Amino acid sequence: MDSSESAQMEGLRPAIKKEWEALLRAEPAPSPLGNPDTLLYLMDETITQVFRALSEHPLESVLKKTSALLVPLQRHCGCGLNPLLNYYATGELALHLVAAKRVPQPMLDALLTSFHLLAQQEIDTLCSVCLNRSSPACQSPAVHSAHHKLRRARSA
């Protein structure tokens, strides 16, 4: 991502945050940690991480390396109690709604892919310390398979 694209993305930040907050507040919080008032403080850092990832890696490289790993975020948490599920699902939707009208399709694809990968990593990290992770719901084959693919991709 060059400097003009980076500036264009930064210009979208206020609209993304506004849309994201509205979507997040419309979802029921799965737990006190999933309270939108708490999660709002993470938005700037999340957006910064996504933009930074795009500026450090060529768009084509991001799309070629990772597109096959994308699975619905809810499949990364078998019990569904991870407070980051709604946070990232609504963030992904907000990015799509705001950026789809304002950036070229390849940039949108890279932006959504980068966001989704960050979401997968963060959800997986929180699930790895969850007390429910040994429950039968969290041991479903789909969740295990997605975790295994992501771990292999990270080590490559």
# chains A, B, ... in the order shown; residues from 1 in each chain; ligands from 1
>>> residues_around(residues="range 8-25 of chain A", least_positions_apart="3", cutoff="7 Å", atoms="only C-alpha atoms", output="VMD selection string")
chain A and resid 4 to 5 36 40 43 86 to 87 90 to 91 94 to 95 98
>>> residues_around(residues="Phe115 in chain A", least_positions_apart="5", cutoff="12 Å", atoms="only C-alpha atoms", output="ChimeraX atom specification")
/A:43,45-54,62-63,66-67,70,73,87-96,108-110,120-122
>>> atom_distance(atom1="CA of Ala29 in chain A", atom2="CA of His116 in chain A")
20.3 Å
>>> residues_around(residues="Pro30 in chain A", least_positions_apart="5", cutoff="10 Å", atoms="only C-alpha atoms", output="PyMOL selection string")
chain A and resi 35+80-86
>>> atom_distance(atom1="CA of Ser31 in chain A", atom2="CA of Asp44 in chain A")
21.9 Å
>>> atom_distance(atom1="CA of Pro104 in chain A", atom2="CA of Ala119 in chain A")
22.5 Å
>>> select_by_dssp(residues="range 16-63 of chain A", states="alpha helix (DSSP H)", output="PyMOL selection string")
chain A and resi 16-26+36-39+43-56+59-63
>>> write_last_selection(atoms="N, CA and C atoms", output="compact mmCIF listing (two decimals), in the first residue's frame")
# COMPACT_ATOMS: atom_id res chain seq x y z
N ILE A 16 -15.57 4.27 9.55
CA ILE A 16 -15.51 2.86 9.97
C ILE A 16 -15.87 2.74 11.44
N LYS A 17 -15.27 3.58 12.27
CA LYS A 17 -15.54 3.51 13.71
C LYS A 17 -17.00 3.81 14.03
N LYS A 18 -17.57 4.78 13.35
CA LYS A 18 -18.98 5.13 13.60
C LYS A 18 -19.89 3.96 13.22
N GLU A 19 -19.68 3.39 12.06
CA GLU A 19 -20.49 2.25 11.61
C GLU A 19 -20.28 1.05 12.52
N TRP A 20 -19.03 0.80 12.87
CA TRP A 20 -18.68 -0.33 13.72
C TRP A 20 -19.36 -0.21 15.08
N GLU A 21 -19.31 0.97 15.67
CA GLU A 21 -19.94 1.16 16.98
C GLU A 21 -21.44 0.89 16.90
N ALA A 22 -22.09 1.41 15.87
CA ALA A 22 -23.53 1.21 15.72
C ALA A 22 -23.86 -0.28 15.59
N LEU A 23 -23.09 -0.99 14.78
CA LEU A 23 -23.32 -2.43 14.60
C LEU A 23 -23.04 -3.20 15.89
N LEU A 24 -21.96 -2.84 16.57
CA LEU A 24 -21.59 -3.54 17.80
C LEU A 24 -22.64 -3.34 18.89
N ARG A 25 -23.16 -2.13 18.99
CA ARG A 25 -24.19 -1.86 20.01
C ARG A 25 -25.51 -2.57 19.70
N ALA A 26 -25.74 -2.91 18.45
CA ALA A 26 -26.97 -3.60 18.07
C ALA A 26 -26.94 -5.09 18.41
N PRO A 36 -20.07 -3.52 24.65
CA PRO A 36 -19.59 -2.57 23.65
C PRO A 36 -18.83 -1.38 24.24
N ASP A 37 -19.25 -0.92 25.41
CA ASP A 37 -18.54 0.21 26.03
C ASP A 37 -17.08 -0.13 26.32
N THR A 38 -16.80 -1.38 26.60
CA THR A 38 -15.44 -1.83 26.83
C THR A 38 -14.69 -2.02 25.51
N LEU A 39 -15.33 -2.64 24.55
CA LEU A 39 -14.68 -2.97 23.28
C LEU A 39 -14.40 -1.77 22.40
N MET A 43 -10.94 -0.28 19.15
CA MET A 43 -11.14 -0.03 17.72
C MET A 43 -9.96 0.67 17.05
N ASP A 44 -9.46 1.74 17.63
CA ASP A 44 -8.35 2.46 16.99
C ASP A 44 -7.14 1.56 16.81
N GLU A 45 -6.80 0.80 17.83
CA GLU A 45 -5.63 -0.08 17.74
C GLU A 45 -5.87 -1.19 16.71
N THR A 46 -7.07 -1.72 16.65
CA THR A 46 -7.38 -2.76 15.67
C THR A 46 -7.24 -2.21 14.25
N ILE A 47 -7.81 -1.06 14.00
CA ILE A 47 -7.72 -0.45 12.67
C ILE A 47 -6.26 -0.13 12.33
N THR A 48 -5.51 0.36 13.30
CA THR A 48 -4.10 0.66 13.08
C THR A 48 -3.34 -0.61 12.70
N GLN A 49 -3.60 -1.71 13.38
CA GLN A 49 -2.92 -2.97 13.07
C GLN A 49 -3.23 -3.45 11.65
N VAL A 50 -4.49 -3.31 11.25
CA VAL A 50 -4.88 -3.73 9.90
C VAL A 50 -4.21 -2.87 8.86
N PHE A 51 -4.24 -1.57 9.04
CA PHE A 51 -3.61 -0.65 8.09
C PHE A 51 -2.10 -0.89 8.03
N ARG A 52 -1.48 -1.11 9.19
CA ARG A 52 -0.04 -1.36 9.24
C ARG A 52 0.31 -2.65 8.48
N ALA A 53 -0.48 -3.69 8.67
CA ALA A 53 -0.23 -4.95 7.97
C ALA A 53 -0.29 -4.75 6.46
N LEU A 54 -1.24 -3.96 6.02
CA LEU A 54 -1.36 -3.70 4.59
C LEU A 54 -0.20 -2.86 4.06
N SER A 55 0.28 -1.95 4.86
CA SER A 55 1.40 -1.11 4.39
C SER A 55 2.71 -1.87 4.39
N GLU A 56 2.83 -2.91 5.22
CA GLU A 56 4.06 -3.69 5.30
C GLU A 56 4.13 -4.82 4.28
N LEU A 59 -0.39 -6.02 -1.41
CA LEU A 59 -1.75 -6.53 -1.44
C LEU A 59 -1.82 -7.92 -2.06
N GLU A 60 -1.12 -8.13 -3.16
CA GLU A 60 -1.15 -9.43 -3.84
C GLU A 60 -0.63 -10.53 -2.93
N SER A 61 0.40 -10.22 -2.18
CA SER A 61 0.99 -11.20 -1.28
C SER A 61 0.00 -11.58 -0.17
N VAL A 62 -0.70 -10.61 0.37
CA VAL A 62 -1.68 -10.89 1.42
C VAL A 62 -2.78 -11.79 0.88
N LEU A 63 -3.30 -11.46 -0.29
CA LEU A 63 -4.40 -12.23 -0.86
C LEU A 63 -3.98 -13.63 -1.26
>>> closest_residue(among="A:Leu33, A:Leu117, A:His57, A:Leu111", to="Ala99 in chain A", atoms="only C-alpha atoms")
A:Leu111
